[in-house]
file structure.pdb (PDB, C-alpha atoms)
ATOM      1  CA  MET A   1     -13.771 -13.384 -22.695
ATOM      2  CA  ALA A   2     -12.750  -9.858 -21.660
ATOM      3  CA  GLU A   3      -9.037  -9.341 -21.004
ATOM      4  CA  LYS A   4      -8.138  -9.168 -17.320
ATOM      5  CA  ALA A   5      -7.393  -5.596 -16.225
ATOM      6  CA  ARG A   6      -3.689  -4.890 -15.878
ATOM      7  CA  THR A   7      -2.432  -4.056 -12.390
ATOM      8  CA  ALA A   8       0.287  -1.492 -11.747
ATOM      9  CA  LEU A   9       2.213  -0.681  -8.576
ATOM     10  CA  VAL A  10       3.592   2.837  -8.142
ATOM     11  CA  THR A  11       6.155   3.090  -5.357
ATOM     12  CA  GLY A  12       6.289   6.646  -4.076
ATOM     13  CA  GLY A  13       2.870   7.035  -5.641
ATOM     14  CA  ALA A  14       1.796   9.832  -3.284
ATOM     15  CA  GLY A  15       4.700  11.971  -4.419
ATOM     16  CA  PHE A  16       4.841  14.647  -7.083
ATOM     17  CA  ILE A  17       5.550  12.495 -10.151
ATOM     18  CA  GLY A  18       4.130   9.284  -8.700
ATOM     19  CA  SER A  19       0.672  10.748  -8.111
ATOM     20  CA  HIS A  20       0.463  12.028 -11.691
ATOM     21  CA  LEU A  21       1.542   8.591 -12.875
ATOM     22  CA  ALA A  22      -1.126   6.888 -10.758
ATOM     23  CA  GLU A  23      -3.812   9.097 -12.318
ATOM     24  CA  ALA A  24      -2.558   8.419 -15.839
ATOM     25  CA  LEU A  25      -2.545   4.662 -15.235
ATOM     26  CA  LEU A  26      -6.123   4.778 -13.968
ATOM     27  CA  ALA A  27      -7.123   6.751 -17.070
ATOM     28  CA  GLU A  28      -5.603   3.982 -19.220
ATOM     29  CA  GLY A  29      -7.654   1.303 -17.461
ATOM     30  CA  TYR A  30      -5.074  -0.098 -15.048
ATOM     31  CA  ARG A  31      -5.841  -1.250 -11.547
ATOM     32  CA  VAL A  32      -3.479   0.869  -9.462
ATOM     33  CA  ARG A  33      -1.734   0.069  -6.203
ATOM     34  CA  VAL A  34       0.362   2.717  -4.420
ATOM     35  CA  LEU A  35       3.135   2.073  -1.896
ATOM     36  CA  ASP A  36       4.267   5.158   0.003
ATOM     37  CA  ASP A  37       5.545   5.950   3.505
ATOM     38  CA  PHE A  38       4.461   9.621   3.239
ATOM     39  CA  SER A  39       7.882  10.890   4.292
ATOM     40  CA  SER A  40       7.726  13.303   1.353
ATOM     41  CA  GLY A  41       4.554  12.250  -0.492
ATOM     42  CA  ARG A  42       1.224  13.843   0.410
ATOM     43  CA  ARG A  43      -2.184  12.250   0.844
ATOM     44  CA  ASP A  44      -3.712  15.303  -0.823
ATOM     45  CA  ASN A  45      -1.882  14.361  -4.022
ATOM     46  CA  LEU A  46      -4.096  11.286  -4.274
ATOM     47  CA  ALA A  47      -7.330  12.907  -3.106
ATOM     48  CA  ALA A  48      -8.908  12.872  -6.564
ATOM     49  CA  VAL A  49      -8.332   9.106  -6.960
ATOM     50  CA  ALA A  50      -8.429   7.911  -3.340
ATOM     51  CA  GLY A  51     -11.482   5.738  -3.956
ATOM     52  CA  CYS A  52     -10.004   4.174  -7.091
ATOM     53  CA  ILE A  53      -6.613   2.942  -5.876
ATOM     54  CA  GLU A  54      -5.295   0.436  -3.375
ATOM     55  CA  LEU A  55      -3.050   2.304  -0.930
ATOM     56  CA  ILE A  56      -0.350   0.532   1.063
ATOM     57  CA  GLU A  57       1.431   2.672   3.635
ATOM     58  CA  GLY A  58       4.993   1.512   4.148
ATOM     59  CA  ASP A  59       8.687   1.769   3.349
ATOM     60  CA  VAL A  60      10.441   0.343   0.278
ATOM     61  CA  ARG A  61      13.286  -0.679   2.597
ATOM     62  CA  ASP A  62      10.946  -3.343   4.006
ATOM     63  CA  ALA A  63      11.676  -6.259   1.677
ATOM     64  CA  HIS A  64       8.723  -8.342   2.883
ATOM     65  CA  LEU A  65       6.269  -5.477   2.362
ATOM     66  CA  VAL A  66       7.659  -4.766  -1.105
ATOM     67  CA  ALA A  67       7.223  -8.416  -2.088
ATOM     68  CA  GLU A  68       3.643  -8.404  -0.778
ATOM     69  CA  SER A  69       2.907  -5.156  -2.626
ATOM     70  CA  MET A  70       4.160  -6.670  -5.883
ATOM     71  CA  ALA A  71       1.989  -9.782  -5.685
ATOM     72  CA  ALA A  72      -0.124 -10.209  -8.838
ATOM     73  CA  VAL A  73       1.232  -6.945 -10.277
ATOM     74  CA  ASP A  74       1.872  -6.648 -14.018
ATOM     75  CA  TYR A  75       3.839  -3.391 -14.022
ATOM     76  CA  VAL A  76       5.965  -1.634 -11.411
ATOM     77  CA  PHE A  77       6.763   2.068 -11.651
ATOM     78  CA  HIS A  78       9.472   2.599  -9.055
ATOM     79  CA  GLU A  79       9.460   6.272  -8.068
ATOM     80  CA  ALA A  80      10.257   5.953  -4.348
ATOM     81  CA  ALA A  81      13.410   7.786  -3.256
ATOM     82  CA  VAL A  82      14.648  10.609  -1.047
ATOM     83  CA  PRO A  83      14.062  13.264  -3.727
ATOM     84  CA  SER A  84      16.690  15.879  -2.971
ATOM     85  CA  VAL A  85      20.396  16.545  -3.470
ATOM     86  CA  VAL A  86      20.343  18.704  -0.327
ATOM     87  CA  ARG A  87      18.722  15.978   1.771
ATOM     88  CA  SER A  88      21.348  13.517   0.570
ATOM     89  CA  LEU A  89      24.125  15.860   1.707
ATOM     90  CA  GLU A  90      22.478  16.108   5.132
ATOM     91  CA  ASP A  91      21.827  12.357   5.472
ATOM     92  CA  PRO A  92      23.770  10.290   2.905
ATOM     93  CA  ARG A  93      22.957   6.969   4.542
ATOM     94  CA  ARG A  94      19.190   7.417   4.310
ATOM     95  CA  SER A  95      19.471   8.565   0.699
ATOM     96  CA  HIS A  96      21.424   5.391  -0.054
ATOM     97  CA  THR A  97      19.229   2.919   1.794
ATOM     98  CA  VAL A  98      15.929   4.204   0.420
ATOM     99  CA  THR A  99      17.176   4.445  -3.159
ATOM    100  CA  VAL A 100      19.580   1.506  -3.440
ATOM    101  CA  ASP A 101      18.189  -0.984  -0.915
ATOM    102  CA  GLY A 102      14.634  -0.087  -1.914
ATOM    103  CA  THR A 103      15.402  -0.722  -5.581
ATOM    104  CA  LEU A 104      17.141  -3.993  -4.769
ATOM    105  CA  ASN A 105      14.029  -5.076  -2.852
ATOM    106  CA  VAL A 106      11.888  -4.337  -5.913
ATOM    107  CA  LEU A 107      14.220  -6.249  -8.222
ATOM    108  CA  GLU A 108      14.508  -9.243  -5.888
ATOM    109  CA  ALA A 109      10.722  -9.411  -5.529
ATOM    110  CA  ALA A 110      10.422  -9.278  -9.314
ATOM    111  CA  ARG A 111      12.380 -12.531  -9.602
ATOM    112  CA  LEU A 112       9.470 -14.220  -7.814
ATOM    113  CA  THR A 113       6.432 -12.191  -8.910
ATOM    114  CA  LYS A 114       7.587 -11.810 -12.543
ATOM    115  CA  PRO A 115       5.968  -8.514 -13.590
ATOM    116  CA  ARG A 116       5.873  -7.656 -17.284
ATOM    117  CA  ARG A 117       7.959  -4.527 -16.708
ATOM    118  CA  ILE A 118       9.710  -2.474 -14.044
ATOM    119  CA  VAL A 119      10.329   1.197 -14.832
ATOM    120  CA  TYR A 120      12.852   2.795 -12.491
ATOM    121  CA  ALA A 121      13.104   6.561 -11.963
ATOM    122  CA  SER A 122      16.748   7.573 -12.193
ATOM    123  CA  SER A 123      18.136  11.093 -12.499
ATOM    124  CA  SER A 124      20.189  13.342 -14.763
ATOM    125  CA  SER A 125      22.313  14.110 -11.693
ATOM    126  CA  VAL A 126      24.318  10.954 -12.453
ATOM    127  CA  TYR A 127      26.082  12.843 -15.278
ATOM    128  CA  GLY A 128      27.643  15.286 -12.825
ATOM    129  CA  ASP A 129      29.460  18.324 -14.117
ATOM    130  CA  THR A 130      30.899  16.936 -17.331
ATOM    131  CA  PRO A 131      31.302  19.803 -19.821
ATOM    132  CA  THR A 132      30.034  17.825 -22.823
ATOM    133  CA  LEU A 133      26.576  18.802 -24.075
ATOM    134  CA  PRO A 134      24.115  17.344 -24.736
ATOM    135  CA  LYS A 135      24.301  14.585 -22.121
ATOM    136  CA  SER A 136      23.935  11.202 -23.794
ATOM    137  CA  GLU A 137      23.450   7.819 -22.163
ATOM    138  CA  SER A 138      26.813   6.628 -23.541
ATOM    139  CA  MET A 139      28.743   9.161 -21.439
ATOM    140  CA  ALA A 140      30.601   8.033 -18.314
ATOM    141  CA  PRO A 141      28.611   9.109 -15.228
ATOM    142  CA  GLN A 142      30.325  11.414 -12.722
ATOM    143  CA  PRO A 143      27.968  11.857  -9.752
ATOM    144  CA  LEU A 144      28.675  14.817  -7.468
ATOM    145  CA  SER A 145      26.302  14.099  -4.567
ATOM    146  CA  PRO A 146      25.168  11.135  -2.476
ATOM    147  CA  TYR A 147      21.780  11.470  -4.189
ATOM    148  CA  ALA A 148      23.356  11.059  -7.618
ATOM    149  CA  ALA A 149      25.595   8.221  -6.444
ATOM    150  CA  ALA A 150      22.588   6.367  -5.021
ATOM    151  CA  LYS A 151      20.548   6.855  -8.188
ATOM    152  CA  LEU A 152      23.429   5.545 -10.294
ATOM    153  CA  SER A 153      23.995   2.547  -8.000
ATOM    154  CA  ALA A 154      20.331   1.568  -8.214
ATOM    155  CA  GLU A 155      20.407   2.096 -11.963
ATOM    156  CA  CYS A 156      23.327  -0.349 -12.212
ATOM    157  CA  TYR A 157      21.294  -2.940 -10.329
ATOM    158  CA  VAL A 158      18.430  -2.436 -12.779
ATOM    159  CA  ARG A 159      20.712  -3.168 -15.717
ATOM    160  CA  VAL A 160      22.382  -6.142 -14.016
ATOM    161  CA  TYR A 161      19.072  -7.744 -13.051
ATOM    162  CA  ALA A 162      17.826  -7.313 -16.610
ATOM    163  CA  ARG A 163      20.896  -8.980 -18.077
ATOM    164  CA  VAL A 164      21.684 -11.636 -15.469
ATOM    165  CA  PHE A 165      18.244 -12.590 -14.155
ATOM    166  CA  GLY A 166      16.013 -11.602 -17.049
ATOM    167  CA  VAL A 167      14.050  -9.066 -14.989
ATOM    168  CA  PRO A 168      12.353  -6.828 -17.601
ATOM    169  CA  ALA A 169      13.507  -3.505 -16.162
ATOM    170  CA  VAL A 170      14.329  -0.120 -17.687
ATOM    171  CA  ALA A 171      15.738   3.077 -16.144
ATOM    172  CA  LEU A 172      14.634   6.595 -17.032
ATOM    173  CA  ARG A 173      16.954   9.505 -16.264
ATOM    174  CA  TYR A 174      14.673  12.449 -15.461
ATOM    175  CA  PHE A 175      15.901  15.951 -16.195
ATOM    176  CA  ASN A 176      14.477  18.567 -13.780
ATOM    177  CA  VAL A 177      10.832  17.549 -13.772
ATOM    178  CA  PHE A 178       8.391  20.269 -12.696
ATOM    179  CA  GLY A 179       4.667  20.921 -12.566
ATOM    180  CA  PRO A 180       1.604  20.905 -10.305
ATOM    181  CA  ARG A 181       1.986  19.104  -6.940
ATOM    182  CA  GLN A 182       5.683  19.851  -6.607
ATOM    183  CA  ASP A 183       5.345  20.988  -3.017
ATOM    184  CA  PRO A 184       6.157  24.730  -2.811
ATOM    185  CA  THR A 185       6.169  24.656   0.997
ATOM    186  CA  SER A 186       9.022  22.148   1.254
ATOM    187  CA  ALA A 187      12.549  23.393   1.922
ATOM    188  CA  TYR A 188      13.754  20.711  -0.509
ATOM    189  CA  THR A 189      11.525  21.457  -3.480
ATOM    190  CA  GLY A 190      12.736  22.341  -6.984
ATOM    191  CA  VAL A 191      13.862  25.761  -8.147
ATOM    192  CA  ILE A 192      10.700  26.406 -10.171
ATOM    193  CA  SER A 193       8.426  25.863  -7.177
ATOM    194  CA  ILE A 194      10.650  28.023  -4.985
ATOM    195  CA  PHE A 195      10.718  30.872  -7.511
ATOM    196  CA  ILE A 196       6.940  30.804  -8.041
ATOM    197  CA  ARG A 197       6.272  30.702  -4.294
ATOM    198  CA  GLU A 198       8.460  33.732  -3.685
ATOM    199  CA  LEU A 199       7.198  35.693  -6.694
ATOM    200  CA  LEU A 200       3.543  35.125  -5.831
ATOM    201  CA  ALA A 201       4.305  36.501  -2.362
ATOM    202  CA  GLY A 202       6.024  39.547  -3.893
ATOM    203  CA  ARG A 203       9.407  38.479  -2.538
ATOM    204  CA  ALA A 204      12.740  38.390  -4.365
ATOM    205  CA  PRO A 205      13.851  34.755  -4.859
ATOM    206  CA  ALA A 206      17.447  33.771  -4.149
ATOM    207  CA  ILE A 207      19.615  32.511  -7.005
ATOM    208  CA  ASP A 208      22.577  30.276  -6.170
ATOM    209  CA  GLY A 209      25.736  31.530  -7.860
ATOM    210  CA  ASP A 210      25.586  33.824 -10.889
ATOM    211  CA  GLY A 211      22.397  32.341 -12.357
ATOM    212  CA  GLU A 212      24.033  31.412 -15.641
ATOM    213  CA  GLN A 213      23.913  27.692 -14.835
ATOM    214  CA  THR A 214      21.488  25.926 -17.168
ATOM    215  CA  ARG A 215      18.948  23.143 -16.819
ATOM    216  CA  ASP A 216      16.789  21.041 -19.129
ATOM    217  CA  PHE A 217      13.328  21.449 -17.582
ATOM    218  CA  THR A 218      10.730  18.714 -18.207
ATOM    219  CA  TYR A 219       7.008  19.100 -17.607
ATOM    220  CA  VAL A 220       5.574  16.326 -15.463
ATOM    221  CA  SER A 221       3.115  14.978 -18.039
ATOM    222  CA  ASP A 222       6.010  14.329 -20.429
ATOM    223  CA  ALA A 223       7.780  12.296 -17.735
ATOM    224  CA  VAL A 224       4.572  10.323 -17.181
ATOM    225  CA  THR A 225       4.227   9.668 -20.910
ATOM    226  CA  ALA A 226       7.792   8.337 -21.023
ATOM    227  CA  ASN A 227       6.968   5.909 -18.188
ATOM    228  CA  LEU A 228       3.921   4.566 -20.007
ATOM    229  CA  GLN A 229       5.913   4.172 -23.216
ATOM    230  CA  ALA A 230       8.768   2.423 -21.378
ATOM    231  CA  ALA A 231       6.269  -0.073 -19.955
ATOM    232  CA  ARG A 232       5.136  -0.997 -23.467
ATOM    233  CA  SER A 233       8.475  -1.052 -25.323
ATOM    234  CA  ASP A 234      10.278  -4.395 -25.367
ATOM    235  CA  GLY A 235      13.319  -2.686 -26.900
ATOM    236  CA  ALA A 236      13.801  -0.611 -23.763
ATOM    237  CA  VAL A 237      14.444  -3.554 -21.420
ATOM    238  CA  GLY A 238      17.879  -3.312 -19.815
ATOM    239  CA  GLU A 239      18.393   0.194 -21.157
ATOM    240  CA  VAL A 240      18.896   3.623 -19.606
ATOM    241  CA  LEU A 241      17.048   6.498 -21.294
ATOM    242  CA  ASN A 242      17.076  10.269 -20.892
ATOM    243  CA  VAL A 243      13.688  11.920 -20.324
ATOM    244  CA  ALA A 244      13.764  15.662 -21.003
ATOM    245  CA  ARG A 245      12.870  18.358 -23.513
ATOM    246  CA  GLY A 246      16.349  18.383 -25.022
ATOM    247  CA  GLU A 247      16.694  22.142 -24.425
ATOM    248  CA  GLN A 248      18.554  24.204 -21.845
ATOM    249  CA  LEU A 249      17.573  27.370 -20.012
ATOM    250  CA  SER A 250      19.613  29.483 -17.619
ATOM    251  CA  ILE A 251      18.324  30.110 -14.115
ATOM    252  CA  ASN A 252      18.373  33.830 -14.877
ATOM    253  CA  ASP A 253      16.144  33.306 -17.919
ATOM    254  CA  LEU A 254      13.875  31.053 -15.863
ATOM    255  CA  PHE A 255      13.487  33.842 -13.315
ATOM    256  CA  ARG A 256      12.586  36.342 -16.037
ATOM    257  CA  LEU A 257       9.976  33.980 -17.506
ATOM    258  CA  LEU A 258       8.368  33.391 -14.140
ATOM    259  CA  ARG A 259       8.446  37.063 -13.236
ATOM    260  CA  ASP A 260       6.552  37.759 -16.450
ATOM    261  CA  LEU A 261       4.001  35.012 -15.737
ATOM    262  CA  THR A 262       3.404  36.096 -12.141
ATOM    263  CA  GLY A 263       3.633  39.848 -12.685
ATOM    264  CA  ALA A 264       5.882  40.299  -9.648
ATOM    265  CA  PRO A 265       7.958  43.544  -9.896
ATOM    266  CA  VAL A 266      11.069  42.210  -8.135
ATOM    267  CA  GLU A 267      14.723  41.476  -8.846
ATOM    268  CA  PRO A 268      16.491  38.299  -7.675
ATOM    269  CA  ARG A 269      18.968  38.051  -4.821
ATOM    270  CA  TYR A 270      22.260  36.320  -5.596
ATOM    271  CA  GLY A 271      24.105  34.071  -3.160
ATOM    272  CA  PRO A 272      26.903  31.491  -3.163
ATOM    273  CA  ALA A 273      26.796  28.510  -5.514
ATOM    274  CA  ARG A 274      25.275  25.350  -4.002
ATOM    275  CA  SER A 275      27.492  22.392  -3.122
ATOM    276  CA  GLY A 276      26.963  19.401  -5.379
ATOM    277  CA  ASP A 277      25.287  21.405  -8.145
ATOM    278  CA  VAL A 278      26.140  20.940 -11.815
ATOM    279  CA  ARG A 279      26.881  23.903 -14.063
ATOM    280  CA  HIS A 280      25.145  23.014 -17.319
ATOM    281  CA  SER A 281      22.647  20.373 -18.336
ATOM    282  CA  ARG A 282      20.914  19.480 -21.589
ATOM    283  CA  ALA A 283      19.770  16.024 -22.614
ATOM    284  CA  ASP A 284      20.184  14.093 -25.816
ATOM    285  CA  ILE A 285      16.773  12.420 -26.151
ATOM    286  CA  ALA A 286      17.450  10.598 -29.439
ATOM    287  CA  LYS A 287      17.554   7.196 -27.725
ATOM    288  CA  ALA A 288      14.169   7.678 -26.047
ATOM    289  CA  ARG A 289      12.729   8.852 -29.353
ATOM    290  CA  ARG A 290      14.072   5.741 -31.069
ATOM    291  CA  LEU A 291      13.185   3.104 -28.468
ATOM    292  CA  LEU A 292      10.031   4.592 -26.953
ATOM    293  CA  GLY A 293       8.639   6.930 -29.582
ATOM    294  CA  TYR A 294       9.012   9.606 -26.891
ATOM    295  CA  GLU A 295       8.419  13.215 -27.856
ATOM    296  CA  PRO A 296       8.021  16.082 -25.362
ATOM    297  CA  ARG A 297       4.607  17.640 -25.896
ATOM    298  CA  VAL A 298       4.374  20.512 -23.407
ATOM    299  CA  GLY A 299       6.346  23.661 -24.180
ATOM    300  CA  LEU A 300       8.310  25.292 -21.386
ATOM    301  CA  ARG A 301       6.244  28.467 -21.154
ATOM    302  CA  GLU A 302       2.984  26.490 -21.259
ATOM    303  CA  GLY A 303       4.201  24.160 -18.514
ATOM    304  CA  LEU A 304       5.327  27.082 -16.369
ATOM    305  CA  ALA A 305       1.983  28.831 -16.848
ATOM    306  CA  ARG A 306       0.114  25.675 -15.751
ATOM    307  CA  THR A 307       2.354  25.404 -12.702
ATOM    308  CA  VAL A 308       1.864  29.057 -11.749
ATOM    309  CA  ALA A 309      -1.921  28.643 -12.031
ATOM    310  CA  TRP A 310      -1.874  25.562  -9.803
ATOM    311  CA  MET A 311       0.337  27.236  -7.210
ATOM    312  CA  ARG A 312      -1.859  30.344  -7.069
ATOM    313  CA  GLU A 313      -4.659  28.074  -5.848
ATOM    314  CA  ALA A 314      -2.491  25.811  -3.690
ATOM    315  CA  LEU A 315      -0.969  28.703  -1.755
ATOM    316  CA  LYS A 316      -4.305  30.310  -0.897
ATOM    317  CA  PRO A 317      -5.495  29.978   2.717
ATOM    318  CA  GLY A 318      -6.844  26.468   3.181
ATOM    319  CA  GLY A 319      -4.681  25.141   0.346
ATOM    320  CA  LEU A 320      -1.475  23.202   1.019
TER     321      LEU A 320
END
call {"tool": "encode", "arguments": {"input": "structure.pdb", "output": "structure tokens"}}
result
Amino acid sequence: MAEKARTALVTGGAGFIGSHLAEALLAEGYRVRVLDDFSSGRRDNLAAVAGCIELIEGDVRDAHLVAESMAAVDYVFHEAAVPSVVRSLEDPRRSHTVTVDGTLNVLEAARLTKPRRIVYASSSSVYGDTPTLPKSESMAPQPLSPYAAAKLSAECYVRVYARVFGVPAVALRYFNVFGPRQDPTSAYTGVISIFIRELLAGRAPAIDGDGEQTRDFTYVSDAVTANLQAARSDGAVGEVLNVARGEQLSINDLFRLLRDLTGAPVEPRYGPARSGDVRHSRADIAKARRLLGYEPRVGLREGLARTVAWMREALKPGGL
């Protein structure tokens, strides 16, 4: 008898990372269900797979809807959140309720529906501005924004539910994920999307502070791969794992790379440093390598080139 197809739920599945994850799950033979309220996700992100997924429109803060969405689901990839430090500074309560209450709803439902695995999307922002590099999972978190505090709180629930209730959950701390579908028209999008948008328009992008702050940029397909590996690895249950390239790049060097890739003959504009930002970031990915077999596959320049190519098309008239 043929094995029953596995079913996966992706919360926030119409978002940037979630939509890539939904496509990858379909490619691996999963039945895919998406829960999204479209507050930041886009229907266009799922256009290529719209006929292949089950789409539930709703909010992860609705405990009853979350429980219904998780019925008969084998795997849950919990991406739903308010994905912005800036948004969390503007509305801390919403950032908290979506991230923390939404995650608690997923974990409570899991006690009844008993999925094989829950993979929760946490964030490198939980490390804060600690000077130690690279950032390892054993370090004490020092969140600097409501966004980071909410991500850490939800992460703690993931670990508690794994240990106390036996919920097979794992948390992945993403480091600056970028790539196609990161909405360049949003005021809350990532620095890479903002820079490319401005450079393609021939405008000088703004750099917060002196530009010597560094980040560990991760191409979206590597983040997706880590999710799939975390779903399969029994050794990851109850753990928190960094997902990154394990390299750091200054914002000034990022600008120069993107200027080269876009061919825009401009210089950046410098402004004040952003509240809640960290100065330097680089991940230790040894734990993910050991427990997941994770290895970043897409080089930074290659990932940036793919993102530039996608945005050239997306920003044409009739695109986004």
call {"tool": "resolve_selection", "arguments": {"input": "structure.pdb", "expression": "the PyMOL selection byres ((chain A and resi 18-31) around 10)", "output": "ChimeraX atom specification"}}
result
/A:4-17,32-36,41-49,52-54,73-75,77-80,121,179-181,220-221,223-225,227-228
call {"tool": "closest_residue", "arguments": {"input": "structure.pdb", "among": "A:Ala286, A:Phe195, A:Trp310, A:Ser69", "to": "A:Asp253", "atoms": "only C-alpha atoms"}}
result
A:Phe195
call {"tool": "atom_distance", "arguments": {"input": "structure.pdb", "atom1": "atom CA of A:His64", "atom2": "atom CA of A:Val106"}}
result
10.2 Å
call {"tool": "residues_around", "arguments": {"input": "structure.pdb", "residues": "A:Val278", "least_positions_apart": "2", "cutoff": "10 Å", "atoms": "all atoms listed in the file", "output": "list in words"}}
result
Ser125, Tyr127, Gly128, Asp129, Thr130, Pro131, Pro143, Leu144, Ser145, Gln213, Thr214, Arg215, Ala273, Arg274, Ser275, Gly276, His280 and Ser281 of chain A
call {"tool": "atom_distance", "arguments": {"input": "structure.pdb", "atom1": "atom CA of A:Val243", "atom2": "atom CA of A:Ser123"}}
result
9.0 Å
call {"tool": "residues_around", "arguments": {"input": "structure.pdb", "residues": "A:Asp62", "least_positions_apart": "2", "cutoff": "12 Å", "atoms": "only C-alpha atoms", "output": "list in words"}}
result
Leu35, Asp36, Asp37, Glu57, Gly58, Asp59, Val60, His64, Leu65, Val66, Ala67, Glu68, Ser69, Thr97, Val98, Asp101, Gly102, Thr103, Leu104, Asn105, Val106 and Ala109 of chain A
call {"tool": "residues_around", "arguments": {"input": "structure.pdb", "residues": "A:Pro92", "least_positions_apart": "2", "cutoff": "10 Å", "atoms": "only C-alpha atoms", "output": "ChimeraX atom specification"}}
result
/A:82,85-90,94-97,145-147,149-150
call {"tool": "closest_residue", "arguments": {"input": "structure.pdb", "among": "A:Ala171, A:Met139, A:Val298, A:Val126", "to": "A:Leu152", "atoms": "all atoms listed in the file"}}
result
A:Val126
